[in-house]
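*Asks:* Just passing along the structure, written as structure tokens.
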Amino acid sequence: SRIHSAGHVIDMAVRALKLDWIPGKGYHFPAGPYVEYSGKLDPQHKENLQKDIERIASGVVQENRKTIIVFKENKKTPDGKPARVVMYGDFGIPCGGTHVSNLGEIGKITIRKIKVKGDVIRVSYDVPR
């Protein structure tokens, strides 16, 4: 749950940086977690961006926002059920995964690398014990 929630914190950092990236898939397991986005990134900016995402993610974790799960009756899943949305303050994302009770439980998030392949930007991260 710490690794999974950390992926959402990275989403929050990407949004805070006002990047025009569209969230895609994520892999939130101990063996090499990452989140992917569609968008553009000048390779010259990768190192600074890596530091910026990590800095903002650290600040979000320190805010220790509570995790709140809501069901949106006006948004339905393909099988007709209300969409499950995970809320961290004013940031919400549809998700059916397992999450921490509050973001302070995540601890440190380290951005290992940012890889660009075409229009796919992969942000790899770690959540040490």
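Each chain in the structure tokens gets a letter, A, B, ..., in the order shown, and its residues are numbered from 1; ligands are numbered from 1 in order too.
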Near Lys18 in chain A, within 12 Å and counting only C-alpha atoms, which residues show up once chain neighbours fewer than 4 positions away are dropped, as a count of residues only?

*Replies:* 8

*Asks:* For Met87 in chain A, find every residue with an atom within 9 Å (counting only C-alpha atoms), except residues of its own chain fewer than 3 positions away, and show them as a VMD selection string.

*Replies:* chain A and resid 66 to 70 90 to 94

*Asks:* How would the residues just picked look written out with all heavy atoms as an mmCIF file, in the first residue's frame?

*Replies:*
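Wrote selection31.cif, looks like this:
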data_model
loop_
_atom_site.group_PDB
_atom_site.id
_atom_site.type_symbol
_atom_site.label_atom_id
_atom_site.label_comp_id
_atom_site.auth_asym_id
_atom_site.auth_seq_id
_atom_site.Cartn_x
_atom_site.Cartn_y
_atom_site.Cartn_z
ATOM 1 N N LYS A 66 -4.828 12.727 4.812
ATOM 2 C CA LYS A 66 -5.623 11.528 5.055
ATOM 3 C C LYS A 66 -6.145 10.975 3.726
ATOM 4 O O LYS A 66 -6.486 11.726 2.817
ATOM 5 C CB LYS A 66 -6.797 11.877 5.969
ATOM 6 C CG LYS A 66 -7.628 10.685 6.362
ATOM 7 C CD LYS A 66 -8.716 11.075 7.335
ATOM 8 C CE LYS A 66 -9.514 9.829 7.683
ATOM 9 N NZ LYS A 66 -10.519 10.098 8.689
ATOM 10 N N THR A 67 -6.206 9.656 3.627
ATOM 11 C CA THR A 67 -6.770 8.996 2.456
ATOM 12 C C THR A 67 -8.271 8.811 2.680
ATOM 13 O O THR A 67 -8.681 8.258 3.701
ATOM 14 C CB THR A 67 -6.125 7.611 2.247
ATOM 15 O OG1 THR A 67 -4.712 7.784 2.106
ATOM 16 C CG2 THR A 67 -6.690 6.913 1.026
ATOM 17 N N ILE A 68 -9.054 9.293 1.733
ATOM 18 C CA ILE A 68 -10.507 9.147 1.815
ATOM 19 C C ILE A 68 -10.982 8.481 0.527
ATOM 20 O O ILE A 68 -10.623 8.905 -0.569
ATOM 21 C CB ILE A 68 -11.197 10.517 1.996
ATOM 22 C CG1 ILE A 68 -10.720 11.154 3.308
ATOM 23 C CG2 ILE A 68 -12.713 10.375 1.966
ATOM 24 C CD1 ILE A 68 -11.183 12.575 3.504
ATOM 25 N N ILE A 69 -11.765 7.434 0.668
ATOM 26 C CA ILE A 69 -12.323 6.715 -0.484
ATOM 27 C C ILE A 69 -13.773 7.166 -0.650
ATOM 28 O O ILE A 69 -14.557 7.136 0.295
ATOM 29 C CB ILE A 69 -12.291 5.185 -0.274
ATOM 30 C CG1 ILE A 69 -10.888 4.696 0.108
ATOM 31 C CG2 ILE A 69 -12.839 4.467 -1.505
ATOM 32 C CD1 ILE A 69 -9.849 4.840 -0.947
ATOM 33 N N VAL A 70 -14.113 7.595 -1.869
ATOM 34 C CA VAL A 70 -15.493 7.995 -2.166
ATOM 35 C C VAL A 70 -15.965 7.228 -3.399
ATOM 36 O O VAL A 70 -15.168 6.768 -4.215
ATOM 37 C CB VAL A 70 -15.625 9.521 -2.397
ATOM 38 C CG1 VAL A 70 -15.267 10.290 -1.145
ATOM 39 C CG2 VAL A 70 -14.788 9.985 -3.553
ATOM 40 N N ASP A 90 -7.642 17.762 -1.917
ATOM 41 C CA ASP A 90 -8.429 18.104 -3.104
ATOM 42 C C ASP A 90 -8.002 17.321 -4.351
ATOM 43 O O ASP A 90 -8.512 17.550 -5.433
ATOM 44 C CB ASP A 90 -8.349 19.611 -3.386
ATOM 45 C CG ASP A 90 -6.941 20.083 -3.685
ATOM 46 O OD1 ASP A 90 -5.988 19.290 -3.541
ATOM 47 O OD2 ASP A 90 -6.793 21.256 -4.064
ATOM 48 N N PHE A 91 -7.055 16.407 -4.208
ATOM 49 C CA PHE A 91 -6.594 15.587 -5.323
ATOM 50 C C PHE A 91 -7.319 14.249 -5.301
ATOM 51 O O PHE A 91 -7.276 13.528 -4.310
ATOM 52 C CB PHE A 91 -5.082 15.354 -5.223
ATOM 53 C CG PHE A 91 -4.520 14.505 -6.339
ATOM 54 C CD1 PHE A 91 -4.130 15.091 -7.528
ATOM 55 C CD2 PHE A 91 -4.402 13.142 -6.198
ATOM 56 C CE1 PHE A 91 -3.611 14.324 -8.564
ATOM 57 C CE2 PHE A 91 -3.890 12.359 -7.227
ATOM 58 C CZ PHE A 91 -3.494 12.955 -8.412
ATOM 59 N N GLY A 92 -7.997 13.927 -6.389
ATOM 60 C CA GLY A 92 -8.708 12.658 -6.480
ATOM 61 C C GLY A 92 -8.327 11.904 -7.732
ATOM 62 O O GLY A 92 -8.056 12.503 -8.769
ATOM 63 N N ILE A 93 -8.303 10.575 -7.615
ATOM 64 C CA ILE A 93 -7.966 9.738 -8.767
ATOM 65 C C ILE A 93 -8.764 8.440 -8.694
ATOM 66 O O ILE A 93 -8.845 7.816 -7.632
ATOM 67 C CB ILE A 93 -6.442 9.471 -8.816
ATOM 68 C CG1 ILE A 93 -6.065 8.751 -10.107
ATOM 69 C CG2 ILE A 93 -5.973 8.701 -7.606
ATOM 70 C CD1 ILE A 93 -4.603 8.842 -10.442
ATOM 71 N N PRO A 94 -9.400 8.039 -9.805
ATOM 72 C CA PRO A 94 -10.107 6.765 -9.803
ATOM 73 C C PRO A 94 -9.111 5.623 -9.585
ATOM 74 O O PRO A 94 -8.083 5.563 -10.259
ATOM 75 C CB PRO A 94 -10.730 6.676 -11.198
ATOM 76 C CG PRO A 94 -10.717 8.066 -11.725
ATOM 77 C CD PRO A 94 -9.548 8.745 -11.082
#

*Asks:* Between CA of Gly32 in chain A and CA of Arg112 in chain A, what is the distance, to one decimal in Å?

*Replies:*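 Separation between CA of Gly32 in chain A and CA of Arg112 in chain A: 9.4 Å.
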
*Asks:* With only C-alpha atoms as the counted atoms, please give the residues lying no more than 8 Å from Ser5 in chain A, apart from itself and same-chain residues fewer than 3 positions off, as a list in words.

*Replies:*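 So the residues in contact are Ser1, Arg2, His8, Val9, Thr98, His99, Val100, Leu103 and Ile106 of chain A.
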
*Asks:* Please, which residues of chain A, numbered as in this document, come out strand (DSSP E or B) from DSSP, as a ChimeraX atom specification?

*Replies:* /A:22-27,34-38,66-76,82-88,91-94,102,110-117,120-126

*Asks:* Kindly indicate which residue among A:Arg84, A:Asp79, A:Glu47, A:Glu105 lies nearest to Arg65 in chain A, using only C-alpha atoms for the distances.

*Replies:* A:Glu105

*Asks:* In Å to one decimal, how far is CA of Thr77 in chain A from CA of Trp21 in chain A?

*Replies:*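 Value for the CA of Trp21 in chain A-CA of Thr77 in chain A distance: 23.6 Å.
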
*Asks:* For each of A:Glu73, A:Asp20, A:Glu36, A:Glu54, take the minimum atom-to-atom distance to Ile111 in chain A, counting only C-alpha atoms, then give the residue where this is smallest.

*Replies:*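 With only C-alpha atoms as the atom set, the closest residue is A:Glu54.
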
*Asks:* Would you mind reading off the distance between CA of Ser101 in chain A and CA of Pro23 in chain A, one decimal, in Å?

*Replies:*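 So the two atoms, CA of Ser101 in chain A and CA of Pro23 in chain A, lie 23.0 Å apart.
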
*Asks:* Show me, as a ChimeraX atom specification, the residues that have an atom within 12 Å of Tyr37 in chain A when counting only C-alpha atoms, minus same-chain residues fewer than 2 positions from it.

*Replies:* /A:7,10-11,14-15,19-26,34-35,39-41,114-124

*Asks:* Would you list the contacts of Pro30 in chain A as a compact mmCIF listing (two decimals) with all heavy atoms, in the first residue's frame, taking every protein, DNA or RNA residue within 9 Å and counting only C-alpha atoms, but skipping same-chain residues closer than 4 positions in sequence?

*Replies:*
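Output file out00.txt is given in full below:
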# COMPACT_ATOMS: atom_id res chain seq x y z
N ILE A 3 3.82 1.64 -1.49
CA ILE A 3 4.34 1.81 -2.85
C ILE A 3 3.24 2.30 -3.78
O ILE A 3 3.45 3.20 -4.59
CB ILE A 3 4.96 0.49 -3.35
CG1 ILE A 3 6.18 0.13 -2.51
CG2 ILE A 3 5.34 0.60 -4.83
CD1 ILE A 3 6.71 -1.27 -2.75
N ASP A 126 11.36 4.54 -5.81
CA ASP A 126 11.53 3.59 -4.71
C ASP A 126 10.91 4.17 -3.45
O ASP A 126 10.88 5.39 -3.27
CB ASP A 126 13.00 3.30 -4.43
CG ASP A 126 13.61 2.32 -5.44
OD1 ASP A 126 12.92 1.36 -5.83
OD2 ASP A 126 14.77 2.54 -5.83
N VAL A 127 10.46 3.27 -2.60
CA VAL A 127 9.97 3.63 -1.27
C VAL A 127 10.71 2.72 -0.29
O VAL A 127 10.27 1.60 -0.01
CB VAL A 127 8.43 3.43 -1.17
CG1 VAL A 127 7.95 3.80 0.23
CG2 VAL A 127 7.71 4.24 -2.22
